[in-house]
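In what follows, a structure is listed as structure tokens, so that the remarks can point back to it.
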Amino acid sequence: MSLYRDEGVVLRTHKLGEADRIITVLTKRTGKIRGVAKGVRRTMSRFGARLEPFTHIDLQLHTGRTLDVVTQVETIRPYGEALIADYPRYTAGSAMLETADRLIMGEKEPALRQFLLLVGGLRALSAGEHEARLVLDAYFLRSLAVAGYAPALVECARCEGPAVRAFAIVAGGAVCGNCRPAGAAVPAGETLALMNALLKGDWPAADASEARHRAECSGLVAAYLQWHLEHGIRSLRHVEREPAT
Ligand SMILES: [Zn+2]
């Protein structure tokens, strides 16, 4: 049996039998892993609350035939403690964990940039320096970009012309008047600028934005994320169904 050690953020947990729990963790070096924590639901468990979602942990596992088994856990940062008392920040953090879990589909495929984005997002949320929804939208845009789905925001997604007028999810982001498909949203220029500031991490510009542009930005980012998550998963299933040749 081989042992390995890594650090990671607990994305979710679910019950296994009477006393055990399966945890899904996005780790720094190994990528997404699932492991079983034995006896964790007994009151005297040595793992205690360390295996709760949001917690940044250092953990040791041994490789099992189906699931790896958690043998040691130490807390690095309990982000959940700062988030649980503040509903907007807690829900933003929960959306980050779920998005990381869904964007990173393969297990044990290193995803260092996604790990760093998630830790950075949880740290920013618990520090409370920016509005929770801005931190969440920045996380969505940047994790999509790392996954290869950065939206066009400054130049037209289709012809690369500079005069963007509308936002079309299917086209890949902002589009000019000529390339604009029917039904494309027509956001304010300030909204596209805010999205670009969040994607680039320009916090002075993002913090100075107006509430109406933040609301419009959140709507576009949520729709864009949803479309990519659904189509990403659908296209993967399609690939898996192709007959072997
Ligand atoms: Zn165009």
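Chain labels run A, B, ... following the order of the structure tokens; each chain numbers its residues from 1, and ligands are numbered from 1 in the order shown.
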
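Taking only C-alpha atoms and all ligand atoms into account, every polymer residue with at least one atom at most 8 Å away from ligand 1 is listed here: Glu155, Cys156, Ala157, Arg158, Cys159, Glu160, Gly161, Ala163, Val164, Val175, Cys176, Gly177, Asn178, Cys179 and Arg180 of chain A.
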
With the cut-off set at 8 Å and counting only C-alpha atoms, tabulate each residue of range 52-136 of chain A with an atom at most that distance from an atom of range 210-229 of chain A, showing the nearest atom pair and its distance in Å to one decimal, ordered by chain and increasing number, as a Markdown table.
```
| residue | atom | partner | partner_atom | distance |
| --- | --- | --- | --- | --- |
| A:Arg102 | CA | A:Leu229 | CA | 7.2 |
| A:Leu103 | CA | A:Leu229 | CA | 6.8 |
| A:Arg133 | CA | A:Ser218 | CA | 7.6 |
| A:Leu134 | CA | A:Arg214 | CA | 7.5 |
```

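Close contacts of Pro187 in chain A, defined as residues with an atom at most 8 Å away when counting only C-alpha atoms, with chain neighbours fewer than 6 positions off set aside, comprise Arg165, Ala166, Phe167 and Glu216 of chain A.
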
When DSSP works through the backbone of this structure, what residues of range 40-172 of chain A end up as alpha helix (DSSP H), shown as a PyMOL selection string?
chain A and resi 79-83+87-103+112-127+132-146

Neighbours of range 135-151 of chain A within 7 Å (only C-alpha atoms; same-chain residues fewer than 5 positions away dropped), as an mmCIF file with all heavy atoms, in the first residue's frame?
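Listed below is the output, result.cif:
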```cif
data_model
loop_
_atom_site.group_PDB
_atom_site.id
_atom_site.type_symbol
_atom_site.label_atom_id
_atom_site.label_comp_id
_atom_site.auth_asym_id
_atom_site.auth_seq_id
_atom_site.Cartn_x
_atom_site.Cartn_y
_atom_site.Cartn_z
ATOM 1 N N ALA A 92 -21.750 32.255 -1.554
ATOM 2 C CA ALA A 92 -20.740 32.467 -2.604
ATOM 3 C C ALA A 92 -19.669 31.377 -2.519
ATOM 4 O O ALA A 92 -19.253 30.802 -3.530
ATOM 5 C CB ALA A 92 -20.115 33.856 -2.471
ATOM 6 N N MET A 96 -18.558 28.374 -5.211
ATOM 7 C CA MET A 96 -17.170 28.134 -5.657
ATOM 8 C C MET A 96 -16.808 26.655 -5.558
ATOM 9 O O MET A 96 -16.227 26.082 -6.487
ATOM 10 C CB MET A 96 -16.185 28.923 -4.776
ATOM 11 C CG MET A 96 -16.083 30.382 -5.097
ATOM 12 S SD MET A 96 -14.759 31.084 -4.057
ATOM 13 C CE MET A 96 -15.137 32.800 -4.269
ATOM 14 N N GLN A 114 -6.234 25.789 -10.850
ATOM 15 C CA GLN A 114 -7.588 25.765 -10.278
ATOM 16 C C GLN A 114 -7.516 25.727 -8.750
ATOM 17 O O GLN A 114 -8.308 26.380 -8.067
ATOM 18 C CB GLN A 114 -8.377 24.552 -10.796
ATOM 19 C CG GLN A 114 -8.753 24.619 -12.265
ATOM 20 C CD GLN A 114 -9.843 25.646 -12.568
ATOM 21 O OE1 GLN A 114 -10.257 26.437 -11.725
ATOM 22 N NE2 GLN A 114 -10.307 25.639 -13.805
ATOM 23 N N LEU A 117 -6.639 29.245 -7.559
ATOM 24 C CA LEU A 117 -7.779 30.153 -7.713
ATOM 25 C C LEU A 117 -8.805 29.930 -6.604
ATOM 26 O O LEU A 117 -9.364 30.877 -6.050
ATOM 27 C CB LEU A 117 -8.476 29.908 -9.052
ATOM 28 C CG LEU A 117 -7.990 30.673 -10.263
ATOM 29 C CD1 LEU A 117 -8.819 30.269 -11.476
ATOM 30 C CD2 LEU A 117 -8.113 32.178 -10.028
ATOM 31 N N GLY A 121 -9.845 32.571 -3.834
ATOM 32 C CA GLY A 121 -11.236 33.007 -3.729
ATOM 33 C C GLY A 121 -11.772 32.853 -2.309
ATOM 34 O O GLY A 121 -12.425 33.763 -1.788
ATOM 35 N N ALA A 124 -10.183 35.513 -0.110
ATOM 36 C CA ALA A 124 -10.769 36.844 -0.344
ATOM 37 C C ALA A 124 -12.158 36.935 0.273
ATOM 38 O O ALA A 124 -12.514 37.953 0.872
ATOM 39 C CB ALA A 124 -10.839 37.132 -1.845
ATOM 40 N N LEU A 125 -12.937 35.845 0.166
ATOM 41 C CA LEU A 125 -14.284 35.849 0.764
ATOM 42 C C LEU A 125 -14.202 35.977 2.275
ATOM 43 O O LEU A 125 -14.942 36.759 2.880
ATOM 44 C CB LEU A 125 -15.006 34.542 0.447
ATOM 45 C CG LEU A 125 -15.873 34.430 -0.779
ATOM 46 C CD1 LEU A 125 -16.593 33.096 -0.742
ATOM 47 C CD2 LEU A 125 -16.865 35.575 -0.900
ATOM 48 N N HIS A 130 -13.841 42.656 -0.352
ATOM 49 C CA HIS A 130 -14.641 43.008 -1.530
ATOM 50 C C HIS A 130 -16.032 42.412 -1.352
ATOM 51 O O HIS A 130 -16.218 41.464 -0.589
ATOM 52 C CB HIS A 130 -14.010 42.443 -2.805
ATOM 53 C CG HIS A 130 -12.542 42.731 -2.936
ATOM 54 N ND1 HIS A 130 -12.051 43.978 -3.242
ATOM 55 C CD2 HIS A 130 -11.465 41.932 -2.768
ATOM 56 C CE1 HIS A 130 -10.731 43.927 -3.270
ATOM 57 N NE2 HIS A 130 -10.352 42.702 -2.983
ATOM 58 N N GLY A 172 -19.258 33.051 -27.679
ATOM 59 C CA GLY A 172 -18.038 33.064 -26.868
ATOM 60 C C GLY A 172 -17.777 34.387 -26.176
ATOM 61 O O GLY A 172 -16.663 34.630 -25.720
ATOM 62 N N GLY A 173 -18.800 35.249 -26.073
ATOM 63 C CA GLY A 173 -18.618 36.486 -25.319
ATOM 64 C C GLY A 173 -19.120 37.695 -26.073
ATOM 65 O O GLY A 173 -20.122 37.629 -26.786
ATOM 66 N N LEU A 198 -12.692 41.990 -13.503
ATOM 67 C CA LEU A 198 -12.737 40.800 -12.633
ATOM 68 C C LEU A 198 -11.868 39.678 -13.204
ATOM 69 O O LEU A 198 -11.167 38.984 -12.469
ATOM 70 C CB LEU A 198 -14.182 40.322 -12.467
ATOM 71 C CG LEU A 198 -15.102 41.262 -11.689
ATOM 72 C CD1 LEU A 198 -16.541 40.766 -11.743
ATOM 73 C CD2 LEU A 198 -14.646 41.405 -10.236
ATOM 74 N N LEU A 199 -11.925 39.518 -14.526
ATOM 75 C CA LEU A 199 -11.127 38.467 -15.176
ATOM 76 C C LEU A 199 -9.640 38.724 -14.965
ATOM 77 O O LEU A 199 -8.855 37.806 -14.756
ATOM 78 C CB LEU A 199 -11.472 38.418 -16.671
ATOM 79 C CG LEU A 199 -10.767 37.377 -17.535
ATOM 80 C CD1 LEU A 199 -11.069 35.962 -17.055
ATOM 81 C CD2 LEU A 199 -11.203 37.520 -18.989
ATOM 82 N N SER A 218 -23.309 39.922 -12.984
ATOM 83 C CA SER A 218 -23.592 38.642 -12.326
ATOM 84 C C SER A 218 -24.529 37.785 -13.174
ATOM 85 O O SER A 218 -24.345 36.572 -13.283
ATOM 86 C CB SER A 218 -24.221 38.866 -10.947
ATOM 87 O OG SER A 218 -23.272 39.438 -10.085
ATOM 88 N N VAL A 221 -22.486 36.471 -16.212
ATOM 89 C CA VAL A 221 -21.475 35.479 -15.815
ATOM 90 C C VAL A 221 -22.161 34.164 -15.427
ATOM 91 O O VAL A 221 -21.710 33.081 -15.816
ATOM 92 C CB VAL A 221 -20.609 36.016 -14.649
ATOM 93 C CG1 VAL A 221 -19.715 34.917 -14.085
ATOM 94 C CG2 VAL A 221 -19.757 37.191 -15.123
#
```

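Atom to atom, CA of Gly80 in chain A and CA of Arg34 in chain A stand 19.7 Å apart.
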
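Note that CA of Leu11 in chain A and CA of Ile84 in chain A are 15.0 Å apart.
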
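All residues of protein, DNA or RNA that reach within 12 Å of range 108-110 of chain A, judged by only C-alpha atoms and not counting those fewer than 4 positions away in the chain, are A:Asp6, A:Gly8, A:Thr24, A:Val25, A:Leu26, A:Thr27, A:Lys28, A:Arg29, A:Thr30, A:Gly31, A:Lys32, A:Ile33, A:Arg34, A:Gly35, A:Thr63, A:Leu67, A:Asp68, A:Ile104, A:Gln114, A:Phe115, A:Leu116.
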
Kindly save the residues from that selection, with N, CA and C atoms included, as a PDB file, in the first residue's frame.
```
ATOM      1  N   ASP A   6      -0.606  15.404   0.646  1.00  0.00           N
ATOM      2  CA  ASP A   6      -0.882  16.572  -0.181  1.00  0.00           C
ATOM      3  C   ASP A   6      -1.648  17.569   0.685  1.00  0.00           C
ATOM      4  N   GLY A   8      -5.054  20.333   0.402  1.00  0.00           N
ATOM      5  CA  GLY A   8      -6.179  20.587  -0.483  1.00  0.00           C
ATOM      6  C   GLY A   8      -7.355  21.200   0.251  1.00  0.00           C
ATOM      7  N   THR A  24     -14.428  14.601  -0.992  1.00  0.00           N
ATOM      8  CA  THR A  24     -13.863  15.001  -2.285  1.00  0.00           C
ATOM      9  C   THR A  24     -13.015  16.240  -2.020  1.00  0.00           C
ATOM     10  N   VAL A  25     -11.749  16.178  -2.411  1.00  0.00           N
ATOM     11  CA  VAL A  25     -10.791  17.246  -2.095  1.00  0.00           C
ATOM     12  C   VAL A  25     -10.092  17.688  -3.374  1.00  0.00           C
ATOM     13  N   LEU A  26      -9.989  19.006  -3.572  1.00  0.00           N
ATOM     14  CA  LEU A  26      -9.150  19.527  -4.657  1.00  0.00           C
ATOM     15  C   LEU A  26      -7.778  19.788  -4.069  1.00  0.00           C
ATOM     16  N   THR A  27      -6.798  18.983  -4.470  1.00  0.00           N
ATOM     17  CA  THR A  27      -5.470  19.098  -3.873  1.00  0.00           C
ATOM     18  C   THR A  27      -4.520  19.895  -4.765  1.00  0.00           C
ATOM     19  N   LYS A  28      -3.441  20.318  -4.141  1.00  0.00           N
ATOM     20  CA  LYS A  28      -2.465  21.162  -4.834  1.00  0.00           C
ATOM     21  C   LYS A  28      -1.693  20.397  -5.900  1.00  0.00           C
ATOM     22  N   ARG A  29      -1.254  19.196  -5.595  1.00  0.00           N
ATOM     23  CA  ARG A  29      -0.380  18.468  -6.529  1.00  0.00           C
ATOM     24  C   ARG A  29      -1.083  17.332  -7.267  1.00  0.00           C
ATOM     25  N   THR A  30      -2.032  16.666  -6.584  1.00  0.00           N
ATOM     26  CA  THR A  30      -2.621  15.452  -7.163  1.00  0.00           C
ATOM     27  C   THR A  30      -3.857  15.746  -8.002  1.00  0.00           C
ATOM     28  N   GLY A  31      -4.462  16.926  -7.827  1.00  0.00           N
ATOM     29  CA  GLY A  31      -5.727  17.225  -8.501  1.00  0.00           C
ATOM     30  C   GLY A  31      -6.889  16.823  -7.612  1.00  0.00           C
ATOM     31  N   LYS A  32      -8.007  16.522  -8.237  1.00  0.00           N
ATOM     32  CA  LYS A  32      -9.198  16.170  -7.441  1.00  0.00           C
ATOM     33  C   LYS A  32      -9.081  14.710  -6.986  1.00  0.00           C
ATOM     34  N   ILE A  33      -9.310  14.488  -5.713  1.00  0.00           N
ATOM     35  CA  ILE A  33      -9.258  13.114  -5.196  1.00  0.00           C
ATOM     36  C   ILE A  33     -10.506  12.837  -4.367  1.00  0.00           C
ATOM     37  N   ARG A  34     -10.860  11.568  -4.278  1.00  0.00           N
ATOM     38  CA  ARG A  34     -11.910  11.138  -3.361  1.00  0.00           C
ATOM     39  C   ARG A  34     -11.298  10.126  -2.408  1.00  0.00           C
ATOM     40  N   GLY A  35     -11.602  10.303  -1.139  1.00  0.00           N
ATOM     41  CA  GLY A  35     -11.035   9.383  -0.160  1.00  0.00           C
ATOM     42  C   GLY A  35     -12.071   9.047   0.893  1.00  0.00           C
ATOM     43  N   THR A  63      -3.240   4.543  -0.861  1.00  0.00           N
ATOM     44  CA  THR A  63      -3.951   4.200  -2.085  1.00  0.00           C
ATOM     45  C   THR A  63      -4.714   2.900  -1.895  1.00  0.00           C
ATOM     46  N   LEU A  67     -11.206   3.214  -3.417  1.00  0.00           N
ATOM     47  CA  LEU A  67     -11.095   4.548  -2.830  1.00  0.00           C
ATOM     48  C   LEU A  67      -9.834   4.617  -1.980  1.00  0.00           C
ATOM     49  N   ASP A  68      -9.167   5.780  -2.006  1.00  0.00           N
ATOM     50  CA  ASP A  68      -8.019   5.974  -1.125  1.00  0.00           C
ATOM     51  C   ASP A  68      -8.528   6.210   0.298  1.00  0.00           C
ATOM     52  N   ILE A 104     -13.661  20.565 -12.811  1.00  0.00           N
ATOM     53  CA  ILE A 104     -12.553  19.608 -12.808  1.00  0.00           C
ATOM     54  C   ILE A 104     -13.177  18.222 -12.772  1.00  0.00           C
ATOM     55  N   GLN A 114      -6.234  25.789 -10.850  1.00  0.00           N
ATOM     56  CA  GLN A 114      -7.588  25.765 -10.278  1.00  0.00           C
ATOM     57  C   GLN A 114      -7.516  25.727  -8.750  1.00  0.00           C
ATOM     58  N   PHE A 115      -6.587  24.971  -8.199  1.00  0.00           N
ATOM     59  CA  PHE A 115      -6.426  24.927  -6.742  1.00  0.00           C
ATOM     60  C   PHE A 115      -6.082  26.319  -6.201  1.00  0.00           C
ATOM     61  N   LEU A 116      -5.124  26.995  -6.850  1.00  0.00           N
ATOM     62  CA  LEU A 116      -4.703  28.319  -6.370  1.00  0.00           C
ATOM     63  C   LEU A 116      -5.835  29.336  -6.486  1.00  0.00           C
TER      64      LEU A 116
END
```

All strand (DSSP E or B) positions in range 22-184 of chain A, as a ChimeraX atom specification
/A:22-27,32-37,55-62,68-78,107,152,164-168,173-176

Counting only C-alpha atoms, the option among A:Leu118, A:Leu59, A:Val9, A:Val70 closest to Val40 in chain A
A:Val70
